[in-house]
Amino acid sequence: MSKLHMLSLLHFLKSNCLCVLNVHHINVELFFPDSMPPSNDMTSQAQPYASHGYPSMQPAYQQGPTHTAPSPSHNLYGQSSYQQYSQPFPNMSQLSAALGGLSGVPELEVEALRPVNLLQERNLLPPRPLEAPEPNVSPDLKKVNCSPQTFRCTLSSIPQTQTLLNKARLPLGLLLHPFRDLQQLPVITSNTIVRCRSCRTYINPFVTFLDQRRWKCNLCYRVNDVPDEFMYNPVTRSYGEPHKRPEVQNSTVEFIASSDYMLRPPQPAVYLFVLDVSHNAVEAGYLKYFCESLLENLDKLPGDTRTRLGFLTFDSTIHFYNLQEGLSQPQMLVVSDIDDVFIPSHDSLMVNLKESKEVLPLMKDLLTSLPAMFSQSRETHSALGPALQAAYKLMSPTGGRVTVFQTQLPTLGAGMLQSREDPNQRSKFCWLSYSAGSIFYYPSFHYIHNLSQLEKFQKDLERYLTRKIGFEAVMRIRCTKGLSIHTFHGNFFVRSTDLLSLANVNPDSAFAVQMSIDDSLADSSLACFQAALLYTSSKGKRRIRVHTLCLPVVSQLSDVYAGADVQAITCLLANMAIDRSISSNLSDARDALVNAVVDLVTAYKSNMSNLQQSGLVLPAAMRLFPLYILALLKQKALRTGTSTRLDERVFAMCEFKTQPLQQLMRMVHPDLYRLDSMSDQGALHLNDTVVPQPHLLHLSAEKLSRDGAFLLDCGNVFYLWIGKCCSEMFIQDVLGCPNYASIPPNMSHIPELETSLSERVRAFLDWLQDNRAFSSTIHVVKDDASAKATFFQHLVEDRSESASSYYEFLQHIQQQITK
């Protein structure tokens, strides 16, 4: 590794963290348990939206479109803030006629195209979280199409031409979660993996069988022969029905790869842990809990009999640990020359726990004694850069995963830094970007003074240590002839126009891809996308996981709008904005997001002008788009002002580049529910458990009432806000407290009580938790000035839809359109 790469990495590694990086075939993960308290000038609340360059406005938009317009003197935009729209919106039949008719499923498409005037309509949220739009394909294809949780397109109807796409002013792209945990995954062992001879597409449910001996590729349309082996169906144990093979019945399959897919024999699972043991790390206290967690999960680490582990600690020097068979106790080897790091021994630093009965006791002895070894340390320096150089040299022969725990600024050796707490500075991610790594960040971590962060650290670490992993991975994305890949977004190394190198792959990371239309798709009724992930399993098997997505091709702009996926579009734009803020600047990224809304509203108005509607109008399918963009602008990754620490901004940027859609959308626009009035109406019945389904509420303080209890789901954290006048029955039955006054100030769990209300609330929380990989912490927030600040920061200041924020944003959009 060059010194330049190391310096780039360390300019990101400014403060305490755990990081997962993958360089070439080495994956590195970074954990940052940040024990440094924020400086006084960084603890202020987020700036109101007016500080983002928009004039503040009167919060008068609270009673819908019938509210009387304020006088012009109160309008800072110099125009009437509200208008009375006497012209009614068209009904469904009028809308269908105005759009020239619709193909496919008229009722669904017409509803998706129902014009929504954002200046009039306030109740935009559906009662339940949005689902991905269903592609308008035949029932047979719907049944076998790829799950939207795995493979999703921003447009569920693909425009025939780039001209039509440009006219719609919507981005075309893919969101891919290729290695996510699956309950059912067809695994195919075959001597012959059937692929197109021309484009190398894997056979899939959307190919065409011309007869029993020939099939037509759905991407390049080449006619291929059916191999003799493919004539046998291992499921039905019958011959002569190739169209019933598992590969042709499932859009997601996994092949056991032959030696043709190997550049070298599959390497073992190798894990190296790089641990900060400076005084700051000792004070934070993370080391004890890391060692305990690893001891508990040693047997659960993914791998086989060849699995190898190693440890490296650092402060102002680098410490290696000899665990060679025959030693009575672990041996520490210290390298003090951090300017020219060398490996003192290659044979005994990475050990196999299965090969010798003596190694496992040595490993356990090391993990038990490690926290006490440095408990009296007064060393304040951190040689993180040299430690990473040593890790690279140690791991380069085999590859594997490097897990780095860091608690302070690197101060010695390669990549040493000085504090640069400018929240608006740009940062690059170096190894993270190129190695498919990820970051876990724990601000103000302390094992005594911040128990909620300690609990989250422990739960995250358990998931991290035991989750599936794939080594030496590459991923290729293919698409129908006429389509091409424009840009990739995420953490990877691009090896060619459609091939990504992923040193490791895990089930919690996702990727985004921008697409373009090079040639007309007029001769195609369907467009297909296929992602093939080749990796080495932790058991040493070479495997290929293949996902195929099929979407209709349309020629009408109305069909493009009807099939728009507002959440997928938001996530793609978020990835684009993060990369734009790095390559250019934060201001350009924010302007690009605002312009995306302006362009869509303008395009819809000009191209659907026969609707003759006034106001700020969008199709119902995209009615939440301005709201989501406003929420993006308020994210720590993209907002301006001095309220966001640099570490927090960079961590948020890293999360946006790796999170799958469902988790990312909860971060962008959390879900708000009222819990004290839940009923069983519409509840789910799962394994004899009743799971209530309360309706979503807008993220506005006006939706809160002091006689209620409200849950805010932010993805990685739940906030349960208890109003001062909340019923004592709810407080007693759910929180186990006699009354409001007795609720403890830092309550971070919901007790298991044998009451029906407690069971319903816990069933709902468990159901929410089951839909995400990492455990979410919960904070009970009381309705008083000191405790509710965090809750209202998330609800009102960061992502509010209240008049002073959302309506102001709409007015700004309208002003941009009329320029």
# chains A, B, ... in the order shown; residues from 1 in each chain; ligands from 1
>>> residues_around(residues="Met653 in chain A", least_positions_apart="2", cutoff="12 Å", atoms="only C-alpha atoms", output="PDB file with N, CA and C atoms, in the first residue's frame")
ATOM      1  N   PHE A  12      -9.441  10.878   6.926  1.00  0.00           N
ATOM      2  CA  PHE A  12     -10.828  10.620   7.309  1.00  0.00           C
ATOM      3  C   PHE A  12     -10.903  10.153   8.754  1.00  0.00           C
ATOM      4  N   ARG A 426     -14.837  18.955   3.309  1.00  0.00           N
ATOM      5  CA  ARG A 426     -15.065  17.690   2.620  1.00  0.00           C
ATOM      6  C   ARG A 426     -14.057  16.669   3.104  1.00  0.00           C
ATOM      7  N   SER A 427     -14.459  15.397   3.048  1.00  0.00           N
ATOM      8  CA  SER A 427     -13.562  14.318   3.445  1.00  0.00           C
ATOM      9  C   SER A 427     -13.700  13.172   2.466  1.00  0.00           C
ATOM     10  N   LYS A 428     -12.599  12.491   2.233  1.00  0.00           N
ATOM     11  CA  LYS A 428     -12.630  11.308   1.380  1.00  0.00           C
ATOM     12  C   LYS A 428     -12.407  10.069   2.236  1.00  0.00           C
ATOM     13  N   PHE A 429     -12.880   8.928   1.721  1.00  0.00           N
ATOM     14  CA  PHE A 429     -12.942   7.746   2.558  1.00  0.00           C
ATOM     15  C   PHE A 429     -11.859   6.710   2.245  1.00  0.00           C
ATOM     16  N   LEU A 432     -12.114   2.735   2.765  1.00  0.00           N
ATOM     17  CA  LEU A 432     -13.538   2.417   2.847  1.00  0.00           C
ATOM     18  C   LEU A 432     -14.159   2.400   1.460  1.00  0.00           C
ATOM     19  N   SER A 433     -13.858   3.413   0.665  1.00  0.00           N
ATOM     20  CA  SER A 433     -14.464   3.529  -0.652  1.00  0.00           C
ATOM     21  C   SER A 433     -14.043   2.392  -1.567  1.00  0.00           C
ATOM     22  N   SER A 438     -17.003  -0.497   5.953  1.00  0.00           N
ATOM     23  CA  SER A 438     -18.072   0.285   6.579  1.00  0.00           C
ATOM     24  C   SER A 438     -17.590   0.809   7.926  1.00  0.00           C
ATOM     25  N   ILE A 439     -18.387   1.717   8.498  1.00  0.00           N
ATOM     26  CA  ILE A 439     -17.997   2.384   9.747  1.00  0.00           C
ATOM     27  C   ILE A 439     -19.124   2.262  10.774  1.00  0.00           C
ATOM     28  N   HIS A 489     -22.355   3.840  -7.252  1.00  0.00           N
ATOM     29  CA  HIS A 489     -22.273   4.541  -5.972  1.00  0.00           C
ATOM     30  C   HIS A 489     -22.196   3.502  -4.859  1.00  0.00           C
ATOM     31  N   GLY A 490     -21.267   3.697  -3.922  1.00  0.00           N
ATOM     32  CA  GLY A 490     -21.087   2.762  -2.824  1.00  0.00           C
ATOM     33  C   GLY A 490     -19.614   2.603  -2.528  1.00  0.00           C
ATOM     34  N   ASN A 491     -19.263   1.562  -1.801  1.00  0.00           N
ATOM     35  CA  ASN A 491     -17.871   1.279  -1.458  1.00  0.00           C
ATOM     36  C   ASN A 491     -17.405   0.052  -2.229  1.00  0.00           C
ATOM     37  N   ALA A 574     -29.722  10.660  -3.105  1.00  0.00           N
ATOM     38  CA  ALA A 574     -28.909  10.822  -1.899  1.00  0.00           C
ATOM     39  C   ALA A 574     -27.476  10.366  -2.154  1.00  0.00           C
ATOM     40  N   ASN A 575     -27.324   9.216  -2.804  1.00  0.00           N
ATOM     41  CA  ASN A 575     -25.983   8.735  -3.143  1.00  0.00           C
ATOM     42  C   ASN A 575     -25.270   9.697  -4.083  1.00  0.00           C
ATOM     43  N   MET A 576     -26.008  10.206  -5.071  1.00  0.00           N
ATOM     44  CA  MET A 576     -25.416  11.155  -6.013  1.00  0.00           C
ATOM     45  C   MET A 576     -24.984  12.431  -5.297  1.00  0.00           C
ATOM     46  N   ALA A 577     -25.810  12.881  -4.347  1.00  0.00           N
ATOM     47  CA  ALA A 577     -25.491  14.121  -3.630  1.00  0.00           C
ATOM     48  C   ALA A 577     -24.255  13.949  -2.749  1.00  0.00           C
ATOM     49  N   ILE A 578     -24.131  12.789  -2.100  1.00  0.00           N
ATOM     50  CA  ILE A 578     -22.953  12.547  -1.264  1.00  0.00           C
ATOM     51  C   ILE A 578     -21.694  12.584  -2.115  1.00  0.00           C
ATOM     52  N   ASP A 579     -21.713  11.888  -3.237  1.00  0.00           N
ATOM     53  CA  ASP A 579     -20.533  11.899  -4.110  1.00  0.00           C
ATOM     54  C   ASP A 579     -20.277  13.282  -4.685  1.00  0.00           C
ATOM     55  N   ARG A 580     -21.352  14.027  -4.961  1.00  0.00           N
ATOM     56  CA  ARG A 580     -21.198  15.393  -5.486  1.00  0.00           C
ATOM     57  C   ARG A 580     -20.567  16.307  -4.436  1.00  0.00           C
ATOM     58  N   SER A 581     -20.935  16.135  -3.193  1.00  0.00           N
ATOM     59  CA  SER A 581     -20.370  16.981  -2.140  1.00  0.00           C
ATOM     60  C   SER A 581     -18.886  16.709  -1.950  1.00  0.00           C
ATOM     61  N   ILE A 582     -18.438  15.472  -2.281  1.00  0.00           N
ATOM     62  CA  ILE A 582     -17.026  15.130  -2.150  1.00  0.00           C
ATOM     63  C   ILE A 582     -16.238  15.622  -3.357  1.00  0.00           C
ATOM     64  N   LEU A 586     -20.387  21.062  -0.942  1.00  0.00           N
ATOM     65  CA  LEU A 586     -21.678  20.818  -0.312  1.00  0.00           C
ATOM     66  C   LEU A 586     -22.772  21.677  -0.930  1.00  0.00           C
ATOM     67  N   LEU A 632     -33.722  15.210   3.208  1.00  0.00           N
ATOM     68  CA  LEU A 632     -32.319  14.988   2.850  1.00  0.00           C
ATOM     69  C   LEU A 632     -31.470  16.219   3.146  1.00  0.00           C
ATOM     70  N   GLN A 635     -30.331  16.393   6.649  1.00  0.00           N
ATOM     71  CA  GLN A 635     -29.479  15.341   7.183  1.00  0.00           C
ATOM     72  C   GLN A 635     -28.104  15.888   7.556  1.00  0.00           C
ATOM     73  N   LYS A 636     -27.469  15.270   8.537  1.00  0.00           N
ATOM     74  CA  LYS A 636     -26.142  15.710   8.957  1.00  0.00           C
ATOM     75  C   LYS A 636     -25.139  15.650   7.808  1.00  0.00           C
ATOM     76  N   ALA A 637     -25.353  14.716   6.895  1.00  0.00           N
ATOM     77  CA  ALA A 637     -24.417  14.575   5.776  1.00  0.00           C
ATOM     78  C   ALA A 637     -24.469  15.759   4.828  1.00  0.00           C
ATOM     79  N   LEU A 638     -25.611  16.463   4.775  1.00  0.00           N
ATOM     80  CA  LEU A 638     -25.803  17.473   3.737  1.00  0.00           C
ATOM     81  C   LEU A 638     -26.210  18.840   4.263  1.00  0.00           C
ATOM     82  N   ARG A 639     -26.493  18.966   5.546  1.00  0.00           N
ATOM     83  CA  ARG A 639     -26.946  20.268   6.016  1.00  0.00           C
ATOM     84  C   ARG A 639     -25.778  21.192   6.278  1.00  0.00           C
ATOM     85  N   LEU A 646     -17.705  17.459  12.463  1.00  0.00           N
ATOM     86  CA  LEU A 646     -17.152  16.874  11.244  1.00  0.00           C
ATOM     87  C   LEU A 646     -17.244  15.350  11.272  1.00  0.00           C
ATOM     88  N   ASP A 647     -16.939  14.748  12.423  1.00  0.00           N
ATOM     89  CA  ASP A 647     -17.038  13.291  12.531  1.00  0.00           C
ATOM     90  C   ASP A 647     -18.456  12.813  12.241  1.00  0.00           C
ATOM     91  N   GLU A 648     -19.431  13.524  12.778  1.00  0.00           N
ATOM     92  CA  GLU A 648     -20.817  13.127  12.562  1.00  0.00           C
ATOM     93  C   GLU A 648     -21.205  13.259  11.095  1.00  0.00           C
ATOM     94  N   ARG A 649     -20.720  14.322  10.435  1.00  0.00           N
ATOM     95  CA  ARG A 649     -21.032  14.502   9.015  1.00  0.00           C
ATOM     96  C   ARG A 649     -20.437  13.375   8.172  1.00  0.00           C
ATOM     97  N   VAL A 650     -19.167  13.053   8.416  1.00  0.00           N
ATOM     98  CA  VAL A 650     -18.508  12.023   7.618  1.00  0.00           C
ATOM     99  C   VAL A 650     -19.144  10.661   7.872  1.00  0.00           C
ATOM    100  N   PHE A 651     -19.485  10.371   9.120  1.00  0.00           N
ATOM    101  CA  PHE A 651     -20.153   9.104   9.422  1.00  0.00           C
ATOM    102  C   PHE A 651     -21.491   9.013   8.704  1.00  0.00           C
ATOM    103  N   GLU A 655     -22.710   6.250   5.928  1.00  0.00           N
ATOM    104  CA  GLU A 655     -23.945   5.466   6.059  1.00  0.00           C
ATOM    105  C   GLU A 655     -24.780   5.553   4.790  1.00  0.00           C
ATOM    106  N   PHE A 656     -24.899   6.734   4.218  1.00  0.00           N
ATOM    107  CA  PHE A 656     -25.699   6.901   3.006  1.00  0.00           C
ATOM    108  C   PHE A 656     -25.153   6.052   1.861  1.00  0.00           C
ATOM    109  N   LYS A 657     -23.846   5.848   1.833  1.00  0.00           N
ATOM    110  CA  LYS A 657     -23.236   5.117   0.728  1.00  0.00           C
ATOM    111  C   LYS A 657     -23.342   3.608   0.888  1.00  0.00           C
ATOM    112  N   THR A 658     -23.748   3.126   2.054  1.00  0.00           N
ATOM    113  CA  THR A 658     -23.759   1.676   2.274  1.00  0.00           C
ATOM    114  C   THR A 658     -25.091   1.114   2.729  1.00  0.00           C
ATOM    115  N   GLN A 659     -26.023   1.950   3.175  1.00  0.00           N
ATOM    116  CA  GLN A 659     -27.264   1.426   3.758  1.00  0.00           C
ATOM    117  C   GLN A 659     -28.250   0.967   2.683  1.00  0.00           C
ATOM    118  N   LEU A 664     -32.140   3.257   4.973  1.00  0.00           N
ATOM    119  CA  LEU A 664     -31.807   4.627   4.602  1.00  0.00           C
ATOM    120  C   LEU A 664     -33.034   5.525   4.677  1.00  0.00           C
ATOM    121  N   MET A 667     -33.811   6.616   8.119  1.00  0.00           N
ATOM    122  CA  MET A 667     -32.903   7.679   8.539  1.00  0.00           C
ATOM    123  C   MET A 667     -33.330   9.017   7.946  1.00  0.00           C
TER     124      MET A 667
END
>>> closest_atom_pairs(of="range 224-263 of chain A", to="range 145-162 of chain A", cutoff="8 Å", atoms="only C-alpha atoms", output="CSV")
residue,atom,partner,partner_atom,distance
A:Asn250,CA,A:Asn145,CA,7.8
A:Ser251,CA,A:Cys146,CA,5.2
A:Thr252,CA,A:Cys146,CA,6.6
>>> select_by_dssp(residues="range 553-686 of chain A", states="alpha helix (DSSP H)", output="MDAnalysis selection string")
chainID A and resid 557:562 566:583 586:607 625:633 646:658 661:668
>>> closest_residue(among="A:Tyr806, A:Phe209, A:Phe529, A:Tyr261", to="Glu241 in chain A", atoms="only C-alpha atoms")
A:Phe209
>>> atom_distance(atom1="CA of Ala387 in chain A", atom2="CA of Glu296 in chain A")
26.0 Å
>>> closest_residue(among="A:Ser238, A:Thr398, A:Ser138, A:Ser775", to="Leu526 in chain A", atoms="only C-alpha atoms")
A:Ser138
>>> select_by_dssp(residues="range 429-570 of chain A", states="strand (DSSP E)", output="PyMOL selection string")
chain A and resi 438-442+470-479+483-489+493-496+499-505+511-517+526-537+542-554
>>> write_last_selection(atoms="C-alpha atoms", output="JSON list (two decimals), in the first residue's frame")
[["chain", "number", "residue", "atom", "x", "y", "z"],
["A", 438, "SER", "CA", -18.07, 0.28, 6.58],
["A", 439, "ILE", "CA", -18.00, 2.38, 9.75],
["A", 440, "PHE", "CA", -19.64, 2.13, 13.16],
["A", 441, "TYR", "CA", -19.55, 5.33, 15.19],
["A", 442, "TYR", "CA", -20.31, 5.78, 18.89],
["A", 470, "GLY", "CA", -18.10, -13.44, 1.47],
["A", 471, "PHE", "CA", -14.42, -13.09, 0.58],
["A", 472, "GLU", "CA", -12.63, -12.16, -2.67],
["A", 473, "ALA", "CA", -15.87, -10.98, -4.27],
["A", 474, "VAL", "CA", -16.56, -9.41, -7.63],
["A", 475, "MET", "CA", -19.95, -8.24, -8.90],
["A", 476, "ARG", "CA", -21.01, -7.65, -12.47],
["A", 477, "ILE", "CA", -24.23, -5.94, -13.54],
["A", 478, "ARG", "CA", -25.67, -6.67, -16.99],
["A", 479, "CYS", "CA", -28.67, -5.09, -18.65],
["A", 483, "LEU", "CA", -29.17, 0.20, -21.68],
["A", 484, "SER", "CA", -25.83, 0.93, -20.07],
["A", 485, "ILE", "CA", -24.33, 1.69, -16.67],
["A", 486, "HIS", "CA", -23.46, 5.33, -16.12],
["A", 487, "THR", "CA", -22.05, 5.54, -12.56],
["A", 488, "PHE", "CA", -21.68, 3.31, -9.52],
["A", 489, "HIS", "CA", -22.27, 4.54, -5.97],
["A", 493, "PHE", "CA", -13.17, -0.75, -6.56],
["A", 494, "VAL", "CA", -14.27, -0.40, -10.21],
["A", 495, "ARG", "CA", -12.38, -2.90, -12.37],
["A", 496, "SER", "CA", -14.24, -2.22, -15.62],
["A", 499, "LEU", "CA", -17.44, -4.99, -12.88],
["A", 500, "LEU", "CA", -16.89, -4.15, -9.21],
["A", 501, "SER", "CA", -14.23, -5.64, -6.95],
["A", 502, "LEU", "CA", -15.40, -6.21, -3.37],
["A", 503, "ALA", "CA", -12.68, -7.50, -1.08],
["A", 504, "ASN", "CA", -15.42, -8.69, 1.27],
["A", 505, "VAL", "CA", -19.19, -8.59, 1.00],
["A", 511, "PHE", "CA", -25.07, -0.28, -3.82],
["A", 512, "ALA", "CA", -26.61, 2.21, -6.24],
["A", 513, "VAL", "CA", -26.15, 2.43, -10.01],
["A", 514, "GLN", "CA", -27.04, 5.20, -12.46],
["A", 515, "MET", "CA", -28.24, 3.97, -15.85],
["A", 516, "SER", "CA", -28.64, 5.56, -19.27],
["A", 517, "ILE", "CA", -30.46, 4.58, -22.48],
["A", 526, "LEU", "CA", -39.39, -5.87, -21.46],
["A", 527, "ALA", "CA", -36.09, -4.67, -20.04],
["A", 528, "CYS", "CA", -34.02, -6.86, -17.73],
["A", 529, "PHE", "CA", -31.18, -6.30, -15.31],
["A", 530, "GLN", "CA", -28.97, -9.00, -13.84],
["A", 531, "ALA", "CA", -26.44, -8.78, -11.01],
["A", 532, "ALA", "CA", -24.02, -11.65, -10.49],
["A", 533, "LEU", "CA", -21.98, -11.75, -7.28],
["A", 534, "LEU", "CA", -19.02, -14.17, -7.29],
["A", 535, "TYR", "CA", -17.50, -14.77, -3.85],
["A", 536, "THR", "CA", -15.80, -17.27, -1.58],
["A", 537, "SER", "CA", -18.00, -18.40, 1.28],
["A", 542, "ARG", "CA", -16.71, -20.46, -4.52],
["A", 543, "ARG", "CA", -20.31, -19.35, -5.15],
["A", 544, "ILE", "CA", -22.23, -17.15, -7.57],
["A", 545, "ARG", "CA", -25.38, -15.39, -6.39],
["A", 546, "VAL", "CA", -27.49, -14.14, -9.29],
["A", 547, "HIS", "CA", -30.42, -11.69, -9.17],
["A", 548, "THR", "CA", -32.55, -10.85, -12.22],
["A", 549, "LEU", "CA", -35.13, -8.06, -12.47],
["A", 550, "CYS", "CA", -37.66, -7.67, -15.28],
["A", 551, "LEU", "CA", -39.53, -4.41, -16.04],
["A", 552, "PRO", "CA", -41.86, -3.27, -18.84],
["A", 553, "VAL", "CA", -40.72, -0.86, -21.56],
["A", 554, "VAL", "CA", -43.15, 2.01, -22.20]]
>>> residues_around(residues="Lys364 in chain A", least_positions_apart="4", cutoff="10 Å", atoms="only C-alpha atoms", output="compact mmCIF listing (two decimals) with N, CA and C atoms, in the first residue's frame")
# COMPACT_ATOMS: atom_id res chain seq x y z
N CYS A 291 -13.43 -7.72 24.14
CA CYS A 291 -12.86 -9.04 24.45
C CYS A 291 -13.93 -10.01 24.94
N GLU A 292 -14.85 -9.52 25.77
CA GLU A 292 -15.94 -10.38 26.25
C GLU A 292 -16.82 -10.84 25.10
N LEU A 294 -16.06 -11.08 21.87
CA LEU A 294 -15.36 -12.00 20.99
C LEU A 294 -15.25 -13.38 21.63
N LEU A 295 -14.99 -13.43 22.94
CA LEU A 295 -14.94 -14.72 23.63
C LEU A 295 -16.27 -15.46 23.52
N LEU A 298 -16.67 -16.63 19.65
CA LEU A 298 -15.58 -17.28 18.92
C LEU A 298 -16.10 -18.44 18.06
N PRO A 330 0.53 -16.11 25.99
CA PRO A 330 0.74 -15.29 24.80
C PRO A 330 1.99 -14.43 24.95
N VAL A 359 -3.80 -23.87 21.17
CA VAL A 359 -3.95 -22.50 20.68
C VAL A 359 -5.18 -21.82 21.27
N LEU A 360 -6.29 -22.54 21.38
CA LEU A 360 -7.52 -21.94 21.91
C LEU A 360 -7.34 -21.43 23.34
N THR A 368 -8.70 -12.51 27.80
CA THR A 368 -9.03 -12.28 29.21
C THR A 368 -8.09 -11.26 29.84
N SER A 369 -6.82 -11.33 29.48
CA SER A 369 -5.81 -10.47 30.12
C SER A 369 -5.58 -9.15 29.39
N LEU A 370 -6.02 -9.04 28.13
CA LEU A 370 -5.71 -7.85 27.34
C LEU A 370 -6.18 -6.55 27.97
>>> closest_residue(among="A:Gln693, A:Ser278, A:Gln453, A:Ser776", to="Leu409 in chain A", atoms="only C-alpha atoms")
A:Ser278
>>> residues_around(residues="Arg128 in chain A", least_positions_apart="3", cutoff="9 Å", atoms="only C-alpha atoms", output="list of chain:residue names")
A:Leu125, A:Glu131, A:Gln693, A:Pro694, A:His695, A:Leu696
>>> write_last_selection(atoms="N, CA, C and O atoms", output="PDB file, in the first residue's frame")
ATOM      1  N   LEU A 125     -49.013  11.473   3.695  1.00  0.00           N
ATOM      2  CA  LEU A 125     -48.497  10.159   4.063  1.00  0.00           C
ATOM      3  C   LEU A 125     -49.565   9.084   3.961  1.00  0.00           C
ATOM      4  O   LEU A 125     -50.716   9.300   4.349  1.00  0.00           O
ATOM      5  N   GLU A 131     -44.803   0.821   0.006  1.00  0.00           N
ATOM      6  CA  GLU A 131     -44.260  -0.367  -0.650  1.00  0.00           C
ATOM      7  C   GLU A 131     -43.745   0.034  -2.027  1.00  0.00           C
ATOM      8  O   GLU A 131     -44.142   1.052  -2.590  1.00  0.00           O
ATOM      9  N   GLN A 693     -50.901  -2.451  13.954  1.00  0.00           N
ATOM     10  CA  GLN A 693     -50.381  -1.673  12.834  1.00  0.00           C
ATOM     11  C   GLN A 693     -50.921  -0.242  12.910  1.00  0.00           C
ATOM     12  O   GLN A 693     -51.801   0.158  12.152  1.00  0.00           O
ATOM     13  N   PRO A 694     -50.395   0.565  13.844  1.00  0.00           N
ATOM     14  CA  PRO A 694     -50.862   1.951  13.952  1.00  0.00           C
ATOM     15  C   PRO A 694     -50.516   2.740  12.700  1.00  0.00           C
ATOM     16  O   PRO A 694     -49.573   2.426  11.985  1.00  0.00           O
ATOM     17  N   HIS A 695     -51.301   3.778  12.443  1.00  0.00           N
ATOM     18  CA  HIS A 695     -51.094   4.597  11.248  1.00  0.00           C
ATOM     19  C   HIS A 695     -49.883   5.504  11.408  1.00  0.00           C
ATOM     20  O   HIS A 695     -49.540   5.945  12.504  1.00  0.00           O
ATOM     21  N   LEU A 696     -49.271   5.807  10.274  1.00  0.00           N
ATOM     22  CA  LEU A 696     -48.176   6.769  10.251  1.00  0.00           C
ATOM     23  C   LEU A 696     -48.719   8.182  10.490  1.00  0.00           C
ATOM     24  O   LEU A 696     -49.816   8.520  10.037  1.00  0.00           O
TER      25      LEU A 696
END
>>> atom_distance(atom1="CA of Ala112 in chain A", atom2="CA of Thr570 in chain A")
17.2 Å
>>> residues_around(residues="Pro626 in chain A", least_positions_apart="4", cutoff="8 Å", atoms="only C-alpha atoms", output="list in words")
Val597, Leu630 and Leu810 of chain A
>>> write_last_selection(atoms="N, CA and C atoms", output="PDB file, in the first residue's frame")
ATOM      1  N   VAL A 597     -36.226  18.651  -7.687  1.00  0.00           N
ATOM      2  CA  VAL A 597     -37.649  18.908  -7.445  1.00  0.00           C
ATOM      3  C   VAL A 597     -38.182  19.924  -8.436  1.00  0.00           C
ATOM      4  N   LEU A 630     -36.492  17.630   1.120  1.00  0.00           N
ATOM      5  CA  LEU A 630     -36.316  18.540   2.254  1.00  0.00           C
ATOM      6  C   LEU A 630     -35.676  17.793   3.421  1.00  0.00           C
ATOM      7  N   LEU A 810     -41.707  24.539  -0.210  1.00  0.00           N
ATOM      8  CA  LEU A 810     -42.573  24.535  -1.394  1.00  0.00           C
ATOM      9  C   LEU A 810     -42.614  25.910  -2.043  1.00  0.00           C
TER      10      LEU A 810
END
>>> closest_residue(among="A:Ile731, A:Leu175, A:Ala284, A:Ala603", to="Pro660 in chain A", atoms="only C-alpha atoms")
A:Leu175
>>> atom_distance(atom1="CA of Met416 in chain A", atom2="CA of Asn280 in chain A")
16.5 Å
>>> closest_residue(among="A:Ser700, A:Asn450, A:Ser509, A:Ser558", to="Cys654 in chain A", atoms="only C-alpha atoms")
A:Ser509
